[in-house]
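So this one's start24.cif, mmCIF, C-alpha atoms and all ligand atoms:
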data_run
#
loop_
_atom_site.label_atom_id
_atom_site.label_comp_id
_atom_site.auth_asym_id
_atom_site.auth_seq_id
_atom_site.Cartn_x
_atom_site.Cartn_y
_atom_site.Cartn_z
CA MET A 1 23.58 -17.76 12.80
CA ASN A 2 22.56 -20.98 14.47
CA ALA A 3 24.59 -23.60 12.72
CA LYS A 4 28.00 -23.51 11.13
CA ASN A 5 28.59 -25.78 8.24
CA THR A 6 31.67 -27.92 8.09
CA ASP A 7 32.67 -27.18 4.50
CA PHE A 8 32.64 -23.44 5.10
CA GLY A 9 35.85 -21.62 4.33
CA THR A 10 36.92 -24.05 1.63
CA PHE A 11 36.61 -21.62 -1.28
CA ALA A 12 40.40 -21.74 -1.75
CA GLN A 13 40.46 -25.55 -1.60
CA ASP A 14 37.57 -25.93 -4.04
CA VAL A 15 39.15 -23.47 -6.50
CA MET A 16 42.46 -25.32 -6.18
CA LEU A 17 40.76 -28.67 -6.81
CA GLY A 18 38.58 -27.37 -9.66
CA LEU A 19 41.30 -25.59 -11.62
CA ASN A 20 43.62 -28.57 -11.31
CA SER A 21 40.92 -30.89 -12.75
CA LYS A 22 40.60 -31.83 -16.40
CA PRO A 23 38.39 -30.33 -17.70
CA LYS A 24 38.75 -27.34 -15.35
CA THR A 25 35.69 -26.64 -13.19
CA LEU A 26 34.51 -24.16 -10.55
CA PRO A 27 31.55 -25.01 -8.27
CA SER A 28 28.46 -22.90 -8.95
CA LYS A 29 27.67 -22.50 -5.24
CA TYR A 30 30.39 -19.82 -5.18
CA PHE A 31 28.37 -17.62 -7.56
CA TYR A 32 26.48 -16.35 -4.54
CA ASP A 33 28.52 -13.68 -2.78
CA ALA A 34 26.93 -10.25 -2.19
CA LYS A 35 27.52 -9.24 -5.85
CA GLY A 36 26.34 -12.64 -7.14
CA ASP A 37 23.18 -12.52 -5.00
CA LYS A 38 22.38 -9.16 -6.57
CA LEU A 39 23.05 -10.49 -10.09
CA PHE A 40 20.79 -13.48 -9.46
CA GLN A 41 18.03 -11.06 -8.44
CA ASP A 42 18.52 -9.36 -11.82
CA ILE A 43 18.41 -12.75 -13.59
CA MET A 44 15.05 -13.55 -11.98
CA ALA A 45 13.66 -10.33 -13.48
CA LEU A 46 14.88 -11.13 -17.03
CA PRO A 47 12.22 -11.77 -19.69
CA GLU A 48 14.04 -14.99 -20.78
CA TYR A 49 14.36 -16.40 -17.25
CA TYR A 50 10.90 -17.97 -16.90
CA LEU A 51 11.69 -20.29 -13.94
CA THR A 52 10.96 -17.92 -11.05
CA ARG A 53 7.78 -16.53 -12.57
CA LYS A 54 6.44 -20.00 -13.32
CA GLU A 55 7.09 -21.24 -9.81
CA TYR A 56 5.56 -18.07 -8.40
CA GLU A 57 2.42 -18.76 -10.48
CA ILE A 58 2.25 -22.30 -9.06
CA LEU A 59 2.60 -21.19 -5.43
CA GLU A 60 0.25 -18.24 -5.85
CA GLY A 61 -2.46 -20.36 -7.52
CA GLN A 62 -2.09 -23.65 -5.65
CA HIS A 63 -0.65 -22.93 -2.17
CA LYS A 64 -3.81 -24.11 -0.41
CA GLU A 65 -3.70 -27.49 -2.16
CA ILE A 66 0.06 -27.76 -1.57
CA LEU A 67 -0.29 -27.14 2.17
CA ALA A 68 -3.51 -29.15 2.64
CA ARG A 69 -1.69 -32.38 3.42
CA ILE A 70 0.59 -31.02 6.15
CA LEU A 71 -2.32 -29.05 7.67
CA ALA A 72 -4.42 -32.23 7.73
CA GLN A 73 -2.02 -33.56 10.38
CA GLN A 74 -3.52 -30.86 12.67
CA GLN A 75 -0.43 -30.21 14.75
CA PRO A 76 2.38 -27.64 14.88
CA PHE A 77 5.05 -28.34 12.25
CA ASN A 78 8.45 -27.21 11.02
CA LEU A 79 8.78 -25.50 7.67
CA VAL A 80 12.38 -26.02 6.57
CA GLU A 81 13.62 -24.33 3.41
CA LEU A 82 16.80 -25.48 1.69
CA GLY A 83 18.30 -22.63 -0.35
CA ALA A 84 15.93 -19.97 0.94
CA GLY A 85 17.25 -17.09 -1.19
CA ASP A 86 15.14 -13.93 -1.02
CA GLY A 87 12.08 -15.87 0.17
CA LEU A 88 9.81 -14.07 -2.30
CA LYS A 89 8.00 -17.28 -3.29
CA THR A 90 8.00 -18.75 0.21
CA LYS A 91 6.32 -15.60 1.54
CA ILE A 92 3.17 -16.74 -0.28
CA LEU A 93 3.09 -19.80 1.98
CA LEU A 94 4.20 -17.90 5.09
CA ARG A 95 1.50 -15.22 4.72
CA PHE A 96 -1.20 -17.85 4.24
CA LEU A 97 -0.09 -19.83 7.31
CA ILE A 98 0.15 -16.73 9.54
CA LYS A 99 -3.21 -15.41 8.32
CA ASN A 100 -4.81 -18.73 9.24
CA LYS A 101 -3.12 -18.74 12.67
CA ILE A 102 -1.29 -22.01 11.98
CA GLN A 103 1.43 -22.93 14.49
CA PHE A 104 4.77 -23.53 12.80
CA SER A 105 8.43 -22.49 12.85
CA TYR A 106 10.39 -21.44 9.77
CA TYR A 107 13.97 -22.67 9.30
CA PRO A 108 15.55 -21.03 6.23
CA VAL A 109 18.83 -22.70 5.23
CA ASP A 110 21.22 -20.88 2.89
CA PHE A 111 24.91 -20.99 2.08
CA SER A 112 24.99 -17.20 1.77
CA GLY A 113 25.09 -15.25 5.05
CA SER A 114 24.16 -11.98 3.35
CA VAL A 115 21.03 -13.56 1.87
CA LEU A 116 19.94 -14.93 5.25
CA GLU A 117 20.41 -11.60 7.02
CA GLU A 118 18.31 -9.78 4.44
CA LEU A 119 15.62 -12.43 4.57
CA GLU A 120 15.46 -12.31 8.38
CA GLN A 121 15.18 -8.51 8.39
CA GLY A 122 12.47 -8.49 5.73
CA LEU A 123 10.44 -11.11 7.57
CA ALA A 124 10.78 -9.33 10.92
CA GLU A 125 9.22 -6.26 9.30
CA GLU A 126 6.49 -7.95 7.29
CA LEU A 127 5.55 -10.88 9.53
CA PRO A 128 6.73 -10.01 13.07
CA GLU A 129 4.74 -12.89 14.61
CA LEU A 130 6.69 -15.46 12.56
CA GLU A 131 9.32 -17.55 14.36
CA VAL A 132 12.43 -17.65 12.13
CA ILE A 133 15.49 -19.78 12.87
CA PRO A 134 18.08 -19.11 10.12
CA ILE A 135 20.74 -21.73 9.39
CA GLN A 136 23.85 -20.84 7.41
CA SER A 137 24.84 -24.15 5.90
CA THR A 138 24.99 -26.34 2.84
CA TYR A 139 22.00 -28.58 2.03
CA ARG A 140 23.79 -31.76 3.02
CA ASP A 141 25.25 -30.49 6.29
CA SER A 142 21.90 -29.09 7.40
CA LEU A 143 20.19 -32.42 6.62
CA LYS A 144 22.84 -34.25 8.62
CA ALA A 145 22.52 -31.89 11.60
CA GLN A 146 18.68 -31.57 11.47
CA ILE A 147 18.68 -28.91 14.15
CA TRP A 148 14.91 -28.47 13.56
CA GLU A 149 14.04 -32.07 14.56
CA ASN A 150 11.75 -32.00 17.60
CA GLY A 151 9.29 -34.78 16.82
CA ARG A 152 6.93 -32.48 14.94
CA PRO A 153 6.10 -33.15 11.28
CA ASN A 154 8.49 -31.46 8.84
CA LEU A 155 7.70 -29.92 5.49
CA ILE A 156 10.98 -29.40 3.68
CA LEU A 157 10.99 -26.94 0.79
CA PHE A 158 13.58 -27.35 -1.92
CA LEU A 159 12.29 -24.83 -4.44
CA GLY A 160 13.66 -22.83 -7.33
CA ALA A 161 15.03 -25.78 -9.33
CA ASN A 162 17.99 -25.75 -6.95
CA LEU A 163 18.30 -29.54 -7.17
CA GLY A 164 18.96 -29.00 -10.90
CA ASN A 165 22.38 -27.63 -9.99
CA PHE A 166 23.50 -31.18 -9.25
CA GLY A 167 24.35 -33.88 -11.77
CA VAL A 168 22.30 -37.07 -11.77
CA GLU A 169 24.43 -38.98 -9.27
CA GLU A 170 24.76 -36.02 -6.93
CA ALA A 171 21.00 -35.40 -7.07
CA ILE A 172 20.47 -39.01 -5.97
CA ASN A 173 22.94 -38.36 -3.15
CA ILE A 174 21.03 -35.24 -2.05
CA VAL A 175 17.77 -37.21 -2.10
CA ASP A 176 19.52 -39.80 0.03
CA HIS A 177 20.36 -37.03 2.52
CA LEU A 178 16.67 -36.09 2.43
CA ARG A 179 15.85 -39.72 3.20
CA VAL A 180 18.19 -39.75 6.21
CA GLY A 181 17.05 -36.27 7.33
CA THR A 182 13.31 -37.06 7.43
CA LYS A 183 10.99 -39.41 9.31
CA LYS A 184 7.83 -41.23 8.21
CA GLY A 185 5.08 -38.77 7.27
CA ASP A 186 7.48 -35.86 6.66
CA GLN A 187 6.91 -34.09 3.35
CA VAL A 188 9.24 -32.54 0.79
CA LEU A 189 8.21 -30.01 -1.84
CA LEU A 190 10.74 -29.86 -4.66
CA GLY A 191 10.85 -27.44 -7.59
CA PHE A 192 11.85 -28.93 -10.95
CA ASP A 193 12.36 -27.14 -14.23
CA LEU A 194 10.82 -29.44 -16.85
CA LYS A 195 12.14 -30.51 -20.25
CA LYS A 196 10.69 -28.26 -22.94
CA ASN A 197 11.60 -26.59 -26.24
CA PRO A 198 15.42 -26.52 -26.13
CA GLN A 199 15.54 -22.94 -27.44
CA THR A 200 13.41 -21.69 -24.54
CA ILE A 201 15.83 -23.33 -22.11
CA LEU A 202 18.98 -22.08 -23.82
CA ASP A 203 17.64 -18.50 -23.97
CA ALA A 204 17.06 -18.55 -20.19
CA TYR A 205 20.82 -19.08 -19.69
CA HIS A 206 21.98 -16.86 -22.56
CA ASP A 207 20.00 -13.68 -21.99
CA SER A 208 20.23 -10.79 -24.41
CA GLN A 209 21.29 -8.29 -21.72
CA GLY A 210 24.32 -10.35 -20.67
CA VAL A 211 23.33 -10.58 -17.00
CA THR A 212 23.97 -14.34 -16.89
CA ARG A 213 27.38 -13.67 -18.46
CA GLU A 214 28.16 -11.23 -15.61
CA PHE A 215 26.88 -13.78 -13.10
CA ASN A 216 29.42 -16.33 -14.40
CA LEU A 217 32.28 -13.83 -14.73
CA ASN A 218 31.69 -12.70 -11.14
CA LEU A 219 33.20 -16.03 -10.14
CA LEU A 220 36.51 -14.95 -11.70
CA ASP A 221 36.21 -11.51 -10.07
CA ARG A 222 35.55 -13.20 -6.74
CA ILE A 223 38.71 -15.30 -7.08
CA ASN A 224 40.64 -12.11 -7.89
CA ARG A 225 39.14 -10.29 -4.90
CA GLU A 226 39.27 -13.00 -2.26
CA LEU A 227 42.19 -15.16 -3.33
CA GLY A 228 44.45 -12.62 -5.05
CA GLY A 229 43.94 -13.95 -8.55
CA ASP A 230 44.78 -12.13 -11.78
CA PHE A 231 42.03 -13.41 -14.10
CA ASP A 232 41.43 -11.07 -17.04
CA ARG A 233 37.64 -11.37 -17.37
CA GLU A 234 37.70 -9.88 -20.89
CA SER A 235 39.64 -12.87 -22.18
CA PHE A 236 36.82 -15.30 -21.28
CA VAL A 237 33.59 -15.96 -23.20
CA HIS A 238 30.47 -17.17 -21.38
CA TRP A 239 29.05 -20.18 -23.25
CA PRO A 240 26.00 -22.19 -22.15
CA SER A 241 24.83 -25.29 -24.03
CA TYR A 242 21.74 -27.46 -23.66
CA ASP A 243 21.52 -31.20 -24.37
CA PRO A 244 17.87 -32.21 -24.78
CA VAL A 245 18.71 -35.90 -24.24
CA SER A 246 20.21 -35.58 -20.75
CA GLY A 247 18.28 -32.39 -20.00
CA GLU A 248 21.52 -30.79 -18.88
CA CYS A 249 22.12 -27.11 -19.46
CA ARG A 250 25.84 -26.55 -18.85
CA SER A 251 27.61 -23.21 -18.56
CA HIS A 252 31.25 -22.63 -19.40
CA LEU A 253 33.79 -19.83 -19.40
CA VAL A 254 35.98 -20.27 -22.48
CA SER A 255 39.49 -18.84 -22.55
CA LYS A 256 39.83 -16.88 -25.79
CA LYS A 257 43.62 -17.32 -25.85
CA SER A 258 46.43 -19.30 -24.32
CA GLN A 259 47.24 -17.62 -21.03
CA LEU A 260 48.56 -17.98 -17.49
CA VAL A 261 46.51 -17.11 -14.41
CA THR A 262 48.18 -16.79 -11.00
CA ILE A 263 46.28 -17.10 -7.73
CA ASP A 264 48.36 -15.79 -4.83
CA ALA A 265 46.44 -17.53 -2.03
CA LEU A 266 47.08 -20.87 -3.74
CA SER A 267 50.69 -20.04 -4.68
CA GLN A 268 49.93 -21.53 -8.07
CA THR A 269 49.87 -20.51 -11.70
CA PHE A 270 47.31 -22.16 -13.98
CA GLU A 271 47.86 -22.69 -17.67
CA PHE A 272 45.02 -22.24 -20.15
CA GLU A 273 45.26 -23.44 -23.71
CA ALA A 274 43.44 -21.38 -26.31
CA TYR A 275 39.70 -22.20 -26.05
CA GLU A 276 40.10 -24.32 -22.97
CA CYS A 277 36.92 -24.23 -20.84
CA ILE A 278 36.06 -23.80 -17.19
CA PHE A 279 32.81 -25.65 -16.51
CA THR A 280 30.84 -23.51 -14.05
CA GLU A 281 27.28 -24.77 -13.69
CA ILE A 282 24.81 -27.50 -14.50
CA SER A 283 21.07 -26.75 -14.52
CA LYS A 284 19.30 -30.03 -15.15
CA LYS A 285 15.82 -30.19 -16.67
CA TYR A 286 13.59 -33.10 -15.70
CA SER A 287 10.81 -35.25 -17.08
CA PHE A 288 8.08 -36.51 -14.73
CA SER A 289 9.35 -40.09 -15.03
CA GLU A 290 12.85 -38.98 -13.95
CA ILE A 291 11.30 -37.15 -10.98
CA SER A 292 9.35 -40.26 -9.91
CA ALA A 293 12.46 -42.41 -10.13
CA LEU A 294 14.31 -39.90 -7.95
CA ALA A 295 11.51 -40.02 -5.35
CA SER A 296 11.59 -43.83 -5.21
CA SER A 297 15.37 -43.83 -4.80
CA GLY A 298 14.92 -42.02 -1.47
CA GLY A 299 11.91 -44.00 -0.26
CA PHE A 300 9.48 -41.18 -1.01
CA GLN A 301 6.02 -41.45 -2.48
CA VAL A 302 4.94 -38.83 -5.04
CA ILE A 303 1.76 -37.25 -3.66
CA GLU A 304 1.08 -34.68 -6.36
CA ASN A 305 2.74 -32.64 -9.12
CA PHE A 306 1.75 -28.96 -9.04
CA THR A 307 2.49 -27.58 -12.52
CA ASP A 308 2.05 -24.15 -14.16
CA SER A 309 -0.41 -23.55 -17.01
CA GLU A 310 2.21 -23.98 -19.76
CA GLY A 311 3.81 -27.10 -18.27
CA TYR A 312 7.19 -25.38 -17.86
CA PHE A 313 7.84 -26.00 -14.18
CA SER A 314 6.57 -28.27 -11.43
CA ASP A 315 6.57 -28.19 -7.64
CA VAL A 316 6.34 -31.81 -6.63
CA LEU A 317 5.12 -33.00 -3.23
CA TRP A 318 6.72 -36.14 -1.80
CA GLU A 319 5.96 -37.97 1.42
CA LYS A 320 8.27 -40.25 3.34
CA SER A 321 6.78 -43.72 3.57
C1 LIG A 401 19.18 -20.78 -8.79
C2 LIG A 401 20.04 -22.84 -9.53
C3 LIG A 401 17.80 -22.27 -10.04
O1 LIG A 401 20.12 -23.00 -12.44
O2 LIG A 401 18.46 -21.80 -13.14
C4 LIG A 401 20.34 -18.82 -13.20
C5 LIG A 401 20.86 -20.38 -11.20
N1 LIG A 401 22.20 -19.85 -13.25
N2 LIG A 401 20.98 -18.48 -14.32
C6 LIG A 401 19.39 -22.03 -12.35
C7 LIG A 401 21.12 -19.70 -12.52
C8 LIG A 401 22.12 -19.10 -14.35
C9 LIG A 401 19.54 -21.07 -11.18
N3 LIG A 401 19.17 -21.74 -9.89
#

As a first step, turn the structure in this file into structure tokens.
Ligand code: AVJ
Amino acid sequence: MNAKNTDFGTFAQDVMLGLNSKPKTLPSKYFYDAKGDKLFQDIMALPEYYLTRKEYEILEGQHKEILARILAQQQPFNLVELGAGDGLKTKILLRFLIKNKIQFSYYPVDFSGSVLEELEQGLAEELPELEVIPIQSTYRDSLKAQIWENGRPNLILFLGANLGNFGVEEAINIVDHLRVGTKKGDQVLLGFDLKKNPQTILDAYHDSQGVTREFNLNLLDRINRELGGDFDRESFVHWPSYDPVSGECRSHLVSKKSQLVTIDALSQTFEFEAYECIFTEISKKYSFSEISALASSGGFQVIENFTDSEGYFSDVLWEKS
């Protein structure tokens, strides 16, 4: 891996901080260990989880229009991807660029080392001519380090509604990192899940097969495995809720009884009251006016919204002015 991030190895600290907070929380970025990566793959295949399919439809149908503006600059560029994941959607763009003999380098950034290794292997097989420089890091650290910066134009991808995992103030902070990490003329393509029928949204996070439940409970298993915890997963209920006003879908693990949980690596025992919650994840849904306001906050101009046929999801192209 090319870059090390500075907040790596703080799983124990973050768990300590989160479980000592009121209400108790655990950061969703720790969902993604090898088991969690696999579970997220299963989530993307669920009938209720429309997000990935909608974004795939947008990229498949509109990739030429999306890339037109960076290609118009007629010079080699950097394609940076924050939260690369399995790269399934990005491969649509990569294949098109390679096929058209465009000169560019691909910098996938991900917090998960296992995800990056798999992505790199897959790309080496399918697109051997592609130059891939993987970066294991958080979004913010990678934007601070900007190891890709070489004077060429940058197109930064922030797909998959990943920005939705941050609350409003944190999203503004991430956009501020994008502002600092880009120069005039650089472009950012961000994926936003849009406000829609609340039931459709809730179902996507409360699937009938219980995969999303497993995805949340894996966080407790991970604490047991890596930090010597004794969470009893059966005594927690997975409970998502959606607020159509704020657009926030929030997931919780609810303790079904009063209980004590000890985590050896922290030398601490945590007390749960009956029905006390651990807040695990926020997945914010946006309106177009909220998206525009976010762009302005970082000094970006909205170039175009690329939306699917049902108006569920939008990949939005911004340019640094
Ligand atoms: C990967 C952040 C886009 O919030 O929709 C899926 C993660 N959580 N089901 C999302 C997730 C529960 C997902 N993102």

For this session: Rounded to one decimal place, report the CA of Ile58 (chain A)-CA of Gln41 (chain A) distance in Å.
Result: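 These atoms are spaced 19.4 Å apart.
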
For this session: Rank A:Val261, A:Ala274, A:Ala124, A:Val115 by their smallest atom-to-atom distance to Asp37 (chain A), using only C-alpha atoms, and report the top residue only.
Result: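 With only C-alpha atoms as the atom set, the closest residue is A:Val115.
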
Exercise. In Å, with one decimal, what is the gap from CA of Gly85 (chain A) to CA of Gly113 (chain A)?
Worked result: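 Taking CA of Gly85 (chain A) and CA of Gly113 (chain A), their separation equals 10.2 Å.
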
Exercise. Ser321 (chain A): which residues within 9 Å, counting all atoms listed in the file, same-chain residues fewer than 2 positions away excluded, as JSON, numbers by chain?
Worked result: {"A": [183, 184, 185, 186, 299, 300, 301, 319]}

Exercise. Hey, what's within 8 Å of region 169-172 of chain A if we count only C-alpha atoms and toss same-chain stuff fewer than 3 positions away? As a PyMOL selection string, please?
Worked result: chain A and resi 163-164+166+175-176+294+297-298

For this session: For CA of Leu116 (chain A) and CA of Lys99 (chain A), determine how far apart the two atoms are, in Å to one decimal place.
Result: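 For CA of Leu116 (chain A) relative to CA of Lys99 (chain A), the distance reads 23.4 Å.
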
Exercise. Residues at most 8 Å from ligand LIG 401 (chain A), using all atoms listed in the file? Could they come as a list in words?
Worked result: Phe40, Ile43, Met44, Tyr49, Leu51, Gly160, Ala161, Asn162, Leu163, Gly164, Asn165, Ala204, Tyr205, Thr212, Phe215, Asn216, Glu281, Ile282, Ser283 and Lys284 of chain A

Problem set entry | Close residues, Leu71 (chain A) itself excluded, 12 Å, only C-alpha atoms, min 2 positions apart in chain, as a VMD selection string | chain A and resid 63 to 69 73 to 79 96 to 97 100 to 104 153 to 155 186 to 187

For this session: Mind checking which residues fall within 6 Å of Leu82 (chain A), counting only C-alpha atoms, ignoring those fewer than 2 positions away in the same chain, and posting them as a list in words?
Result: Ala84, Val109 and Phe158 of chain A

Exercise. Nearest to Leu217 (chain A): which of A:Arg140, A:Arg95, A:Lys196, A:His252 is it, counting only C-alpha atoms?
Worked result: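 Smallest separation from Leu217 (chain A) among the options: A:His252.
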
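Among the candidate residues A:Gly18, A:Val316, A:Phe306, A:Leu143, the one lying nearest to Asn173 (chain A) is A:Leu143, with distances computed using only C-alpha atoms.
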
Nearby residues (all atoms listed in the file) at most 12 Å from Leu202 (chain A), same-chain spacing under 2 positions excluded, as an mmCIF file with C-alpha atoms, in the frame of the given file:
data_model
loop_
_atom_site.group_PDB
_atom_site.id
_atom_site.type_symbol
_atom_site.label_atom_id
_atom_site.label_comp_id
_atom_site.auth_asym_id
_atom_site.auth_seq_id
_atom_site.Cartn_x
_atom_site.Cartn_y
_atom_site.Cartn_z
ATOM 1 C CA GLU A 48 14.040 -14.990 -20.780
ATOM 2 C CA TYR A 49 14.360 -16.400 -17.250
ATOM 3 C CA TYR A 50 10.900 -17.970 -16.900
ATOM 4 C CA LYS A 195 12.140 -30.510 -20.250
ATOM 5 C CA LYS A 196 10.690 -28.260 -22.940
ATOM 6 C CA ASN A 197 11.600 -26.590 -26.240
ATOM 7 C CA PRO A 198 15.420 -26.520 -26.130
ATOM 8 C CA GLN A 199 15.540 -22.940 -27.440
ATOM 9 C CA THR A 200 13.410 -21.690 -24.540
ATOM 10 C CA ALA A 204 17.060 -18.550 -20.190
ATOM 11 C CA TYR A 205 20.820 -19.080 -19.690
ATOM 12 C CA HIS A 206 21.980 -16.860 -22.560
ATOM 13 C CA ASP A 207 20.000 -13.680 -21.990
ATOM 14 C CA SER A 208 20.230 -10.790 -24.410
ATOM 15 C CA THR A 212 23.970 -14.340 -16.890
ATOM 16 C CA TRP A 239 29.050 -20.180 -23.250
ATOM 17 C CA PRO A 240 26.000 -22.190 -22.150
ATOM 18 C CA SER A 241 24.830 -25.290 -24.030
ATOM 19 C CA TYR A 242 21.740 -27.460 -23.660
ATOM 20 C CA ASP A 243 21.520 -31.200 -24.370
ATOM 21 C CA PRO A 244 17.870 -32.210 -24.780
ATOM 22 C CA GLY A 247 18.280 -32.390 -20.000
ATOM 23 C CA GLU A 248 21.520 -30.790 -18.880
ATOM 24 C CA CYS A 249 22.120 -27.110 -19.460
ATOM 25 C CA ARG A 250 25.840 -26.550 -18.850
ATOM 26 C CA SER A 251 27.610 -23.210 -18.560
ATOM 27 C CA SER A 283 21.070 -26.750 -14.520
ATOM 28 C CA LYS A 284 19.300 -30.030 -15.150
ATOM 29 C CA LYS A 285 15.820 -30.190 -16.670
#

Problem set entry | Best match for closeness to Trp318 (chain A) among A:Gly229, A:Pro47, A:Gly191, A:Pro27, counting only C-alpha atoms |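 Counting only C-alpha atoms, the residue closest to Trp318 (chain A) is A:Gly191.
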
List every protein, DNA or RNA residue with an atom no more than 8 Å from (16.1, -23.3, 8.6) in the file's coordinates, counting all atoms listed in the file, and format the result as a compact mmCIF listing (two decimals) with C-alpha atoms, keeping the file's coordinate frame.
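Contents of out-v8.txt, freshly written:
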# COMPACT_ATOMS: atom_id res chain seq x y z
CA LEU A 79 8.78 -25.50 7.67
CA VAL A 80 12.38 -26.02 6.57
CA GLU A 81 13.62 -24.33 3.41
CA LEU A 82 16.80 -25.48 1.69
CA TYR A 106 10.39 -21.44 9.77
CA TYR A 107 13.97 -22.67 9.30
CA PRO A 108 15.55 -21.03 6.23
CA VAL A 109 18.83 -22.70 5.23
CA VAL A 132 12.43 -17.65 12.13
CA ILE A 133 15.49 -19.78 12.87
CA PRO A 134 18.08 -19.11 10.12
CA ILE A 135 20.74 -21.73 9.39
CA TRP A 148 14.91 -28.47 13.56

For this session: Point out the residue among A:Leu178, A:Val168, A:Met16, A:Val211 with the least atom-to-atom distance to Glu290 (chain A), counting all atoms listed in the file.
Result: A:Val168
